[in-house]
Amino acid sequence: MIGLERLNGLVGCNMKNILYILIIVISVLVFVPSIKAVNPKGIMNNLIGFIEVVDDFDIQRISFASGRTTEILKKNSAYLVMDFDMSQNGKDRVLGIMGFKDLPPRFIMCSNGKELKTILSKKSITKPSFSPDGENIAYLSCPYDRATKVLGYDDCYLFLVKPDGSSDRKVLDTPLMPYKPSWFPDGKRLVVTTRNFDVYIVNIESGEKKKIIDFGIAPVVSHDGKTVAYLSNEVDTTTKRKIIDLYNIPSKDYDEIITEAGDRQKELMKLGQYFLEHSIYLHNIDTGENKKITERVWVEQPAVWSPDDKYLVYNDRRAVVNDIFVLEVKTGEKEQLKGKHGRVMVWRK
């Protein structure tokens with residue numbers, strides 16, 4: 001009898017435990033969606049807003065909330081979009097259109113996704129960048145010159161133009177690399193990269209420039225104006241000088257070396273790897289401190305800041321399709337946008 005009483009007690013206890021477990025399971029099933037929203041795991045679940053990319057001359061929007069991709073402007077023979085920028089109010093885009101046949105490259109204003117109007121047409125223009133107040137568009141003009149053309153790049157110069165195409169003027173006589181100018185939030189200063197791999201802050205009114213980074217490219221200013229993200233490599237002084245000299249070598253000299261089967265060709269090919277792989281760094285405007293936050297990745301265009309400055313989105317081009325990665329600035333953790341491709345241009349709320 002004693003054994004049966006103990007057995008019944010154990011069974012009763014186990015039934016109570018099972019009941020408790022069932023209540024917990026049901027509660028979890030009911031409340032998991034809200035728990036997940038409050039305490040998400042993974043970078044992608046924390047992201048806000050959307051990014052817009054250029055993919056095969058299309059402009060596409062990728063929403064972080066839904067994961068959906070929406071076509072904004074479809075490719076056609078008249079509007080082959082190379083790059084673009086969006087105003088802070090999200091209403092206007094300035095499109096960099098590839099030149100074709102007898103037409104030079106153009107900038108086209110697209111208002112509210114409807115009106116398409118050419119505002120500027122030049123021999124070579126690229127990398128449009130809206131000022132924070134939308135009053136100016138910074139861009140690069142890169143007139144082709146075979147004598148100075150290097151590894152597929154031309155000398156570029158910084159210009160400003162109004163969104164209606166007026167007041168087009170040159171801001172800086174210093175030759176630059178072909179990276180999109182990036183604005184400080186005050187709308188009075190930009191960061192650019194010179195052909196000697198130096199990053200400068202440029203005052204748009206006076207044209208005065210101040211060097212802030214030695215041996216960096218593709219700088220982009222955070223929305224609070226406190227940090228510049230840029231690309232660079234850890235190399236010794238000798239290698240740094242060789243890389244700069246290689247970038248500035250005239251095409252005719254480069255062609256002669258690359259056709260040789262000797263030591264100069266081997267060194268050139270080795271140095272060429274530095275133009276493909278870079279690490280992402282952060283430069284603190286106040287302290288001047290530089291901090292590496294990634295190892296070398298196959299990235300060659302500027303990263304893009306999230307609206308809250310907590311993340312950077314960038315393209316890793318090891319795959320021809322331009323894979324998209326999001327990097328958490330504080331931790332250095334990164335995550336890929338699975339199945340999403342294209343050159344990232346903007347990130348908006």
# chains A, B, ... in the order shown; residues from 1 in each chain; ligands from 1
>>> residues_around(residues="His223 in chain A", least_positions_apart="6", cutoff="9 Å", atoms="only C-alpha atoms", output="list in words")
Trp183, Phe184, Pro185, Trp305, Ser306, Pro307, Asp308 and Asp309 of chain A
>>> select_by_dssp(residues="range 139-310 of chain A", states="strand (DSSP E)", output="ChimeraX atom specification")
/A:139-141,156-161,169-176,182-183,189-193,198-203,209-214,217-221,227-232,279-284,290-292,304-305
>>> select_by_dssp(residues="range 126-286 of chain A", states="helix (DSSP H, G or I)", output="JSON, numbers by chain")
{"A": [237, 238, 239, 240, 241, 242, 243, 244, 245, 246, 247, 251, 252, 253, 254, 255, 256, 257, 258, 263, 264, 265, 266, 267, 268, 269, 270, 271, 272, 273, 274, 275]}
>>> write_last_selection(atoms="N, CA, C and O atoms", output="compact mmCIF listing (two decimals), in the first residue's frame")
# COMPACT_ATOMS: atom_id res chain seq x y z
N THR A 237 55.70 52.23 -45.42
CA THR A 237 55.87 53.48 -46.16
C THR A 237 56.30 53.25 -47.60
O THR A 237 55.82 53.92 -48.53
N THR A 238 57.19 52.28 -47.81
CA THR A 238 57.69 52.00 -49.17
C THR A 238 56.56 51.49 -50.06
O THR A 238 56.40 51.96 -51.20
N THR A 239 55.78 50.54 -49.55
CA THR A 239 54.67 50.00 -50.34
C THR A 239 53.62 51.06 -50.61
O THR A 239 53.06 51.13 -51.71
N LYS A 240 53.37 51.91 -49.62
CA LYS A 240 52.41 52.99 -49.79
C LYS A 240 52.82 53.89 -50.95
O LYS A 240 52.01 54.26 -51.80
N ARG A 241 54.10 54.24 -50.99
CA ARG A 241 54.60 55.11 -52.05
C ARG A 241 54.47 54.43 -53.41
O ARG A 241 54.10 55.07 -54.41
N LYS A 242 54.73 53.13 -53.47
CA LYS A 242 54.62 52.39 -54.73
C LYS A 242 53.17 52.34 -55.22
O LYS A 242 52.90 52.45 -56.42
N ILE A 243 52.23 52.19 -54.29
CA ILE A 243 50.82 52.15 -54.66
C ILE A 243 50.38 53.50 -55.22
O ILE A 243 49.69 53.57 -56.25
N ILE A 244 50.80 54.57 -54.57
CA ILE A 244 50.45 55.92 -55.05
C ILE A 244 51.06 56.17 -56.42
O ILE A 244 50.39 56.70 -57.32
N ASP A 245 52.31 55.77 -56.60
CA ASP A 245 52.97 55.96 -57.90
C ASP A 245 52.28 55.14 -58.98
O ASP A 245 52.12 55.61 -60.12
N LEU A 246 51.86 53.93 -58.63
CA LEU A 246 51.17 53.08 -59.61
C LEU A 246 49.86 53.73 -60.05
O LEU A 246 49.53 53.75 -61.23
N TYR A 247 49.12 54.27 -59.09
CA TYR A 247 47.84 54.89 -59.42
C TYR A 247 48.03 56.08 -60.35
O TYR A 247 47.18 56.37 -61.19
N SER A 251 48.83 55.92 -68.61
CA SER A 251 48.37 54.66 -69.20
C SER A 251 49.39 54.05 -70.15
O SER A 251 49.58 52.84 -70.19
N LYS A 252 50.06 54.90 -70.92
CA LYS A 252 51.02 54.37 -71.90
C LYS A 252 52.16 53.65 -71.20
O LYS A 252 52.64 52.60 -71.66
N ASP A 253 52.62 54.19 -70.06
CA ASP A 253 53.68 53.53 -69.30
C ASP A 253 53.17 52.24 -68.65
O ASP A 253 53.88 51.23 -68.60
N TYR A 254 51.94 52.29 -68.16
CA TYR A 254 51.34 51.10 -67.56
C TYR A 254 51.22 49.98 -68.59
O TYR A 254 51.53 48.82 -68.32
N ASP A 255 50.77 50.34 -69.80
CA ASP A 255 50.60 49.35 -70.87
C ASP A 255 51.94 48.68 -71.21
O ASP A 255 51.99 47.47 -71.48
N GLU A 256 53.01 49.46 -71.21
CA GLU A 256 54.33 48.90 -71.52
C GLU A 256 54.77 47.90 -70.45
O GLU A 256 55.29 46.82 -70.76
N ILE A 257 54.55 48.25 -69.20
CA ILE A 257 54.97 47.37 -68.10
C ILE A 257 54.15 46.10 -68.07
O ILE A 257 54.68 44.99 -67.89
N ILE A 258 52.83 46.22 -68.25
CA ILE A 258 51.95 45.08 -68.11
C ILE A 258 52.16 44.05 -69.21
O ILE A 258 51.84 42.86 -69.06
N ASP A 263 60.14 41.24 -63.80
CA ASP A 263 59.91 41.59 -62.40
C ASP A 263 58.98 42.78 -62.24
O ASP A 263 58.18 42.84 -61.31
N ARG A 264 59.08 43.76 -63.15
CA ARG A 264 58.23 44.95 -63.06
C ARG A 264 56.76 44.56 -63.21
O ARG A 264 55.88 45.09 -62.51
N GLN A 265 56.48 43.63 -64.11
CA GLN A 265 55.11 43.18 -64.30
C GLN A 265 54.59 42.47 -63.05
O GLN A 265 53.46 42.69 -62.61
N LYS A 266 55.44 41.61 -62.46
CA LYS A 266 55.03 40.87 -61.26
C LYS A 266 54.74 41.83 -60.10
O LYS A 266 53.77 41.65 -59.37
N GLU A 267 55.60 42.84 -59.95
CA GLU A 267 55.39 43.80 -58.87
C GLU A 267 54.10 44.59 -59.10
O GLU A 267 53.34 44.86 -58.16
N LEU A 268 53.86 44.93 -60.37
CA LEU A 268 52.66 45.68 -60.71
C LEU A 268 51.41 44.87 -60.39
O LEU A 268 50.44 45.39 -59.83
N MET A 269 51.43 43.60 -60.72
CA MET A 269 50.29 42.74 -60.45
C MET A 269 50.06 42.58 -58.96
O MET A 269 48.92 42.56 -58.48
N LYS A 270 51.14 42.48 -58.21
CA LYS A 270 51.04 42.34 -56.75
C LYS A 270 50.45 43.60 -56.13
O LYS A 270 49.57 43.55 -55.27
N LEU A 271 50.93 44.76 -56.57
CA LEU A 271 50.42 46.02 -56.05
C LEU A 271 48.95 46.22 -56.45
O LEU A 271 48.18 46.85 -55.71
N GLY A 272 48.58 45.68 -57.60
CA GLY A 272 47.21 45.83 -58.07
C GLY A 272 46.18 45.24 -57.13
O GLY A 272 45.02 45.68 -57.11
N GLN A 273 46.58 44.26 -56.31
CA GLN A 273 45.66 43.66 -55.35
C GLN A 273 45.18 44.68 -54.32
O GLN A 273 44.08 44.56 -53.79
N TYR A 274 46.02 45.69 -54.05
CA TYR A 274 45.63 46.70 -53.07
C TYR A 274 44.50 47.60 -53.58
O TYR A 274 43.87 48.30 -52.80
N PHE A 275 44.26 47.57 -54.90
CA PHE A 275 43.17 48.36 -55.44
C PHE A 275 41.84 47.60 -55.36
O PHE A 275 40.79 48.15 -55.61
>>> residues_around(residues="Ser124 in chain A", least_positions_apart="4", cutoff="10 Å", atoms="only C-alpha atoms", output="mmCIF file with C-alpha atoms, in the first residue's frame")
data_model
loop_
_atom_site.group_PDB
_atom_site.id
_atom_site.type_symbol
_atom_site.label_atom_id
_atom_site.label_comp_id
_atom_site.auth_asym_id
_atom_site.auth_seq_id
_atom_site.Cartn_x
_atom_site.Cartn_y
_atom_site.Cartn_z
ATOM 1 C CA MET A 98 25.638 57.075 -68.987
ATOM 2 C CA GLY A 99 26.519 58.790 -72.233
ATOM 3 C CA PRO A 104 27.558 63.018 -73.273
ATOM 4 C CA PRO A 105 26.787 61.852 -69.723
ATOM 5 C CA ARG A 106 23.915 63.759 -68.087
ATOM 6 C CA LEU A 140 32.867 65.261 -60.140
ATOM 7 C CA SER A 141 33.818 66.234 -63.663
ATOM 8 C CA CYS A 142 36.461 63.991 -65.187
ATOM 9 C CA PRO A 143 37.526 65.192 -68.652
ATOM 10 C CA TYR A 144 39.213 62.362 -70.511
ATOM 11 C CA ASP A 154 40.674 60.138 -65.209
ATOM 12 C CA CYS A 156 38.401 64.397 -61.519
#
>>> residues_around(residues="range 197-201 of chain A", least_positions_apart="5", cutoff="9 Å", atoms="only C-alpha atoms", output="list in words")
Leu176, Met177, Arg189, Leu190, Val191, Val192, Glu208, Lys209, Lys210, Lys211, Ile212, Ile213, Asp214, Phe215, Gly216, Ile217, Ala218, Pro219, Tyr230 and Ile244 of chain A
>>> atom_distance(atom1="CA of Leu116 in chain A", atom2="CA of Leu172 in chain A")
29.2 Å
>>> residues_around(residues="Thr331 in chain A", least_positions_apart="5", cutoff="10 Å", atoms="only C-alpha atoms", output="list in words")
Ile293, Lys310 and Tyr311 of chain A
>>> closest_atom_pairs(of="range 79-177 of chain A", to="range 338-348 of chain A", cutoff="10 Å", atoms="only C-alpha atoms", output="tab-separated table")
residue	atom	partner	partner_atom	distance
A:Met82	CA	A:Arg343	CA	9.6
A:Asp83	CA	A:Met345	CA	7.1
A:Phe84	CA	A:Met345	CA	6.6
A:Asp85	CA	A:Met345	CA	6.5
A:Met86	CA	A:Val346	CA	6.9
A:Ser87	CA	A:Val346	CA	9.7
A:Gln88	CA	A:Arg348	CA	8.0
A:Asn89	CA	A:Arg348	CA	9.3
A:Gly90	CA	A:Arg348	CA	7.7
>>> write_last_selection(atoms="N, CA and C atoms", output="mmCIF file, in the first residue's frame")
data_model
loop_
_atom_site.group_PDB
_atom_site.id
_atom_site.type_symbol
_atom_site.label_atom_id
_atom_site.label_comp_id
_atom_site.auth_asym_id
_atom_site.auth_seq_id
_atom_site.Cartn_x
_atom_site.Cartn_y
_atom_site.Cartn_z
ATOM 1 N N MET A 82 23.922 55.142 -63.964
ATOM 2 C CA MET A 82 25.190 54.675 -63.420
ATOM 3 C C MET A 82 25.242 54.841 -61.902
ATOM 4 N N ASP A 83 24.766 55.985 -61.407
ATOM 5 C CA ASP A 83 24.724 56.250 -59.977
ATOM 6 C C ASP A 83 23.666 57.323 -59.731
ATOM 7 N N PHE A 84 23.315 57.544 -58.466
ATOM 8 C CA PHE A 84 22.315 58.559 -58.155
ATOM 9 C C PHE A 84 22.419 58.920 -56.679
ATOM 10 N N ASP A 85 21.704 59.986 -56.311
ATOM 11 C CA ASP A 85 21.566 60.341 -54.902
ATOM 12 C C ASP A 85 20.135 60.807 -54.664
ATOM 13 N N MET A 86 19.712 60.739 -53.399
ATOM 14 C CA MET A 86 18.365 61.127 -53.015
ATOM 15 C C MET A 86 18.434 62.277 -52.024
ATOM 16 N N SER A 87 17.546 63.257 -52.174
ATOM 17 C CA SER A 87 17.489 64.364 -51.228
ATOM 18 C C SER A 87 17.047 63.854 -49.866
ATOM 19 N N GLN A 88 17.380 64.603 -48.813
ATOM 20 C CA GLN A 88 17.045 64.167 -47.464
ATOM 21 C C GLN A 88 15.537 64.053 -47.253
ATOM 22 N N ASN A 89 14.754 64.853 -47.985
ATOM 23 C CA ASN A 89 13.302 64.755 -47.828
ATOM 24 C C ASN A 89 12.709 63.554 -48.559
ATOM 25 N N GLY A 90 13.555 62.846 -49.312
ATOM 26 C CA GLY A 90 13.115 61.625 -49.975
ATOM 27 C C GLY A 90 12.264 61.831 -51.210
#
>>> atom_distance(atom1="CA of Thr126 in chain A", atom2="CA of Tyr79 in chain A")
14.3 Å
>>> residues_around(residues="Thr174 in chain A", least_positions_apart="5", cutoff="10 Å", atoms="only C-alpha atoms", output="list in words")
Asp155, Cys156, Tyr157, Leu158, Thr193, Thr194, Arg195 and Lys209 of chain A
>>> write_last_selection(atoms="N, CA and C atoms", output="mmCIF file, in the first residue's frame")
data_model
loop_
_atom_site.group_PDB
_atom_site.id
_atom_site.type_symbol
_atom_site.label_atom_id
_atom_site.label_comp_id
_atom_site.auth_asym_id
_atom_site.auth_seq_id
_atom_site.Cartn_x
_atom_site.Cartn_y
_atom_site.Cartn_z
ATOM 1 N N ASP A 155 41.550 62.194 -64.276
ATOM 2 C CA ASP A 155 41.593 63.243 -63.260
ATOM 3 C C ASP A 155 40.180 63.782 -63.067
ATOM 4 N N CYS A 156 39.742 63.881 -61.818
ATOM 5 C CA CYS A 156 38.401 64.397 -61.519
ATOM 6 C C CYS A 156 38.520 65.691 -60.724
ATOM 7 N N TYR A 157 37.552 66.580 -60.905
ATOM 8 C CA TYR A 157 37.547 67.854 -60.187
ATOM 9 C C TYR A 157 36.177 68.073 -59.557
ATOM 10 N N LEU A 158 36.177 68.758 -58.415
ATOM 11 C CA LEU A 158 34.960 68.965 -57.647
ATOM 12 C C LEU A 158 34.187 70.176 -58.151
ATOM 13 N N THR A 193 38.685 62.589 -51.856
ATOM 14 C CA THR A 193 39.969 61.878 -51.891
ATOM 15 C C THR A 193 40.823 62.390 -53.035
ATOM 16 N N THR A 194 42.057 62.791 -52.750
ATOM 17 C CA THR A 194 42.966 63.234 -53.803
ATOM 18 C C THR A 194 43.630 62.037 -54.461
ATOM 19 N N ARG A 195 44.299 62.299 -55.573
ATOM 20 C CA ARG A 195 44.976 61.213 -56.300
ATOM 21 C C ARG A 195 46.170 60.657 -55.525
ATOM 22 N N LYS A 209 41.039 73.659 -48.123
ATOM 23 C CA LYS A 209 40.980 72.244 -47.803
ATOM 24 C C LYS A 209 41.918 71.910 -46.645
#
>>> residues_around(residues="Pro163 in chain A", least_positions_apart="5", cutoff="9 Å", atoms="only C-alpha atoms", output="VMD selection string")
chain A and resid 94 109 119 130 134 to 137
